[in-house]
Amino acid sequence: MAALRGPPALLRLPRRERSLRARELPGAEPNCGGAGPGEAPVLPGARPPPCSALYVRPAGLPPPPPFRVRGPGFGCGGLVPPVAVSHCLIRRTFFGYPLTKAGSGLVQQTKDVCLRFCRPRSSTTAADASGEDLLLKWGLFLVPLTAFCLGTWQVQRRKWKLDLIAQLASRITSEPIPLTLDPMELRELEYRPVKVRGRFDHSKELYILPRSLVDPEREAREAGRLTSHPENGANVITPFYCTELGVTILVNRGFVPKKKLKPETRLKGQIEDEIDLTGVVRLSETRKPFVPENNIEKNRWHYRDLEAMAKVTGAEPIFIDADFRSTVPGGPIGGQTRVSLRNEHMQYIITWYGLCAATSFLWYRKFIQKVPL
């Protein structure tokens with residue numbers, strides 16, 4: 001709709017007569033599809049009736065295809081050609097004053113309001129939509145890419161873990177060496193077999209519990225079962241005086257069931273003579289989550305705390321696991337060193353590579369084949 005000022009003589013005429021006179025002027029035609037034949041066109045310097053949406057088409061310009069305008073405040077609600085938009089007055093504001101700018105570029109102050117209807121700028125909208133689609137496309141591509149990188153990282157981790165397990169297995173089967181008292185050397189000897197000579201002090205036994213018997217043959221038979229029922233008991237820790245070194249160390253003699261936890265129930269296995277002993281060096285360990293604290297008063301130990309054990313028994317904080325050959329009838333079962341490291345990297349590899357494959361397929365279908373998901 002345009003708001004223009006016109007001659008008072010024309011505006012004072014009745015509506016129908018004003019419309020008929022306006023039709024006689026060249027270049028003027030009504031654009032209100034629903035107004036009827038009595039509607040007057042917009043003339044240079046003339047004010048249209050309130051319900052009319054009129055425009056002036058320059059001479060020689062073919063009429064453009066009309067489009068329909070609907071909305072509150074428009075009585076005609078008819079078809080308006082797009083050329084009317086370009087010749088419509090635009091309301092602007094400059095420091096609080098309403099201004100209207102005509103098609104000729106002249107700006108004048110007025111209180112009339114002109115609403116300008118135009119078709120949406122399809123190029124700008126398409127560019128914005130294209131930018132959003134591009135951002136979404138490459139943003140979602142990060143999902144399979146990240147999954148692939150994590151899967152590859154787990155491959156490297158699994159290789160490192162297998163090498164570490166192989167090193168521990170080869171170390172524990174190597175030839176025993178004499179025990180050293182140097183703490184720095186002991187840190188490098190974990191899982192390394194050593195040999196000592198001396199005798200046990202059975203009066204200061206310690207018990208690490210609960211523990212189950214380490215039996216590789218039984219564990220191989222029960223592999224794959226949902227449930228297993230290993231025998232529960234404790235590991236017996238006994239001070240061992242080394243006659244050649246002149247110090248007392250701690251020795252894990254092995255596993256005993258609960259019914260033979262007390263020394264008087266296994267008197268036959270309590271060795272009193274001086275013996276040669278072979279064992280594996282072990283270091284102190286920290287308490288894991290959900291593992292109870294050691295109860296020194298009740299002699300119930302749940303993890304290997306060498307400093308506390310040495311303080312209670314008066315021995316050096318040196319600890320070895322006796323091998324299976326140290327087992328005697330009626331005594332603890334030696335060889336309770338479990339050489340195994342957690343190795344679940346294959347599960348992670350399958351998980352990450354599977355996620356990469358699934359998301360890559362969905363991304364290809366969505367953004368390359370353009371298949372709606």
# chains A, B, ... in the order shown; residues from 1 in each chain; ligands from 1
call {"tool": "residues_around", "arguments": {"residues": "segment 234-250 of chain A", "least_positions_apart": "3", "cutoff": "6 Å", "atoms": "only C-alpha atoms", "output": "list in words"}}
result
Arg197, Gly198, Arg199, Phe200, Asp201, Glu205, Leu206, Tyr207, Ile208, Leu209, Pro210, Arg211, Arg253, Gly254, Phe255, Val256, Ala315, Glu316, Ile318 and Phe319 of chain A
call {"tool": "closest_atom_pairs", "arguments": {"of": "segment 143-240 of chain A", "to": "segment 258-280 of chain A", "cutoff": "6 Å", "atoms": "only C-alpha atoms", "output": "JSON lines"}}
result
{"residue": "A:Tyr191", "atom": "CA", "partner": "A:Val280", "partner_atom": "CA", "distance": 5.3}
{"residue": "A:Arg192", "atom": "CA", "partner": "A:Val280", "partner_atom": "CA", "distance": 5.4}
{"residue": "A:Pro193", "atom": "CA", "partner": "A:Val280", "partner_atom": "CA", "distance": 4.4}
{"residue": "A:Val194", "atom": "CA", "partner": "A:Gly279", "partner_atom": "CA", "distance": 5.6}
{"residue": "A:Lys195", "atom": "CA", "partner": "A:Thr278", "partner_atom": "CA", "distance": 4.4}
{"residue": "A:Val196", "atom": "CA", "partner": "A:Leu277", "partner_atom": "CA", "distance": 5.4}
{"residue": "A:Arg197", "atom": "CA", "partner": "A:Asp276", "partner_atom": "CA", "distance": 4.4}
{"residue": "A:Gly198", "atom": "CA", "partner": "A:Glu274", "partner_atom": "CA", "distance": 5.0}
{"residue": "A:Arg199", "atom": "CA", "partner": "A:Glu274", "partner_atom": "CA", "distance": 4.5}
{"residue": "A:Gly233", "atom": "CA", "partner": "A:Lys258", "partner_atom": "CA", "distance": 4.6}
call {"tool": "write_last_selection", "arguments": {"atoms": "C-alpha atoms", "output": "PDB file, in the first residue's frame"}}
result
ATOM      1  CA  TYR A 191      58.820 -60.677  39.393  1.00  0.00           C
ATOM      2  CA  ARG A 192      62.460 -61.725  39.209  1.00  0.00           C
ATOM      3  CA  PRO A 193      63.322 -65.055  40.962  1.00  0.00           C
ATOM      4  CA  VAL A 194      65.867 -64.824  43.774  1.00  0.00           C
ATOM      5  CA  LYS A 195      67.399 -67.399  46.143  1.00  0.00           C
ATOM      6  CA  VAL A 196      68.049 -67.116  49.870  1.00  0.00           C
ATOM      7  CA  ARG A 197      69.066 -69.426  52.706  1.00  0.00           C
ATOM      8  CA  GLY A 198      67.762 -69.299  56.259  1.00  0.00           C
ATOM      9  CA  ARG A 199      64.952 -70.369  58.587  1.00  0.00           C
ATOM     10  CA  GLY A 233      41.453 -69.052  52.434  1.00  0.00           C
TER      11      GLY A 233
END
call {"tool": "closest_residue", "arguments": {"among": "A:Leu134, A:Ile296, A:Ser340, A:Asp215", "to": "Thr313 of chain A", "atoms": "only C-alpha atoms"}}
result
A:Ile296
call {"tool": "select_by_dssp", "arguments": {"residues": "segment 183-276 of chain A", "states": "helix (DSSP H, G or I)", "output": "number ranges by chain"}}
result
A: 183-187, 202-204, 216-221, 258-260, 263-269
call {"tool": "write_last_selection", "arguments": {"atoms": "N, CA and C atoms", "output": "short mmCIF file (atom, residue, chain, number, x, y, z; two decimals), in the first residue's frame"}}
result
data_model
loop_
_atom_site.label_atom_id
_atom_site.label_comp_id
_atom_site.auth_asym_id
_atom_site.auth_seq_id
_atom_site.Cartn_x
_atom_site.Cartn_y
_atom_site.Cartn_z
N PRO A 183 67.71 -51.11 48.00
CA PRO A 183 66.31 -50.80 47.64
C PRO A 183 66.14 -50.39 46.18
N MET A 184 67.11 -49.69 45.62
CA MET A 184 67.00 -49.25 44.24
C MET A 184 67.05 -50.44 43.28
N GLU A 185 67.91 -51.41 43.59
CA GLU A 185 67.98 -52.60 42.74
C GLU A 185 66.73 -53.46 42.90
N LEU A 186 66.18 -53.50 44.12
CA LEU A 186 64.98 -54.30 44.34
C LEU A 186 63.80 -53.78 43.52
N ARG A 187 63.73 -52.47 43.31
CA ARG A 187 62.64 -51.92 42.50
C ARG A 187 62.69 -52.41 41.06
N HIS A 202 57.93 -68.88 62.84
CA HIS A 202 56.50 -69.12 62.73
C HIS A 202 55.68 -68.40 63.80
N SER A 203 56.35 -67.81 64.77
CA SER A 203 55.61 -67.15 65.86
C SER A 203 55.05 -65.80 65.44
N LYS A 204 55.45 -65.29 64.30
CA LYS A 204 55.01 -63.95 63.85
C LYS A 204 54.33 -64.01 62.48
N PRO A 216 46.65 -72.79 37.93
CA PRO A 216 46.48 -72.58 36.48
C PRO A 216 45.68 -73.69 35.80
N GLU A 217 45.86 -74.95 36.23
CA GLU A 217 45.13 -76.05 35.60
C GLU A 217 43.63 -75.93 35.87
N ARG A 218 43.25 -75.64 37.11
CA ARG A 218 41.82 -75.48 37.43
C ARG A 218 41.23 -74.28 36.70
N GLU A 219 41.98 -73.18 36.64
CA GLU A 219 41.48 -72.00 35.95
C GLU A 219 41.30 -72.26 34.47
N ALA A 220 42.15 -73.10 33.87
CA ALA A 220 42.00 -73.45 32.45
C ALA A 220 40.76 -74.31 32.23
N ARG A 221 40.45 -75.19 33.18
CA ARG A 221 39.26 -76.02 33.04
C ARG A 221 37.98 -75.20 33.19
N LYS A 258 40.65 -71.95 54.99
CA LYS A 258 40.23 -71.34 56.25
C LYS A 258 40.36 -72.30 57.43
N LYS A 259 40.06 -73.57 57.21
CA LYS A 259 40.11 -74.53 58.32
C LYS A 259 41.52 -74.79 58.81
N LYS A 260 42.53 -74.40 58.04
CA LYS A 260 43.93 -74.58 58.46
C LYS A 260 44.65 -73.25 58.63
N PRO A 263 48.08 -71.99 63.09
CA PRO A 263 49.31 -72.81 62.96
C PRO A 263 49.18 -74.19 63.58
N GLU A 264 48.42 -74.34 64.68
CA GLU A 264 48.32 -75.66 65.33
C GLU A 264 47.58 -76.67 64.47
N THR A 265 46.86 -76.24 63.45
CA THR A 265 46.16 -77.19 62.58
C THR A 265 47.06 -77.71 61.45
N ARG A 266 48.25 -77.20 61.33
CA ARG A 266 49.18 -77.63 60.28
C ARG A 266 50.62 -77.71 60.83
N LEU A 267 50.75 -78.33 61.94
CA LEU A 267 52.06 -78.46 62.59
C LEU A 267 53.05 -79.21 61.72
N LYS A 268 52.56 -80.15 60.92
CA LYS A 268 53.46 -80.93 60.08
C LYS A 268 54.16 -80.07 59.05
N GLY A 269 53.53 -78.99 58.62
CA GLY A 269 54.12 -78.14 57.60
C GLY A 269 54.94 -77.00 58.14
#
call {"tool": "select_by_dssp", "arguments": {"residues": "segment 116-359 of chain A", "states": "strand (DSSP E)", "output": "PyMOL selection string"}}
result
chain A and resi 177-178+193-200+206-212+232-242+247-257+275-282+319-322
call {"tool": "atom_distance", "arguments": {"atom1": "atom CA of Asp321 of chain A", "atom2": "atom CA of Lys298 of chain A"}}
result
22.9 Å
call {"tool": "closest_residue", "arguments": {"among": "A:Lys370, A:Lys159, A:Arg325, A:Arg282", "to": "Glu344 of chain A", "atoms": "only C-alpha atoms"}}
result
A:Lys159
call {"tool": "residues_around", "arguments": {"residues": "Leu362 of chain A", "least_positions_apart": "2", "cutoff": "12 Å", "atoms": "only C-alpha atoms", "output": "PyMOL selection string"}}
result
chain A and resi 137+140-141+143-144+355-360+364-373
call {"tool": "closest_residue", "arguments": {"among": "A:Gln336, A:Ser174, A:Asn252, A:Ser326", "to": "Ser212 of chain A", "atoms": "only C-alpha atoms"}}
result
A:Gln336
call {"tool": "closest_residue", "arguments": {"among": "A:Ser130, A:Gln156, A:Ser284, A:Thr327", "to": "Tyr348 of chain A", "atoms": "only C-alpha atoms"}}
result
A:Gln156
call {"tool": "closest_residue", "arguments": {"among": "A:Leu189, A:Ile349, A:Leu135, A:Ala308", "to": "Ile172 of chain A", "atoms": "only C-alpha atoms"}}
result
A:Leu189
call {"tool": "atom_distance", "arguments": {"atom1": "atom CA of Trp363 of chain A", "atom2": "atom CA of Leu145 of chain A"}}
result
11.2 Å
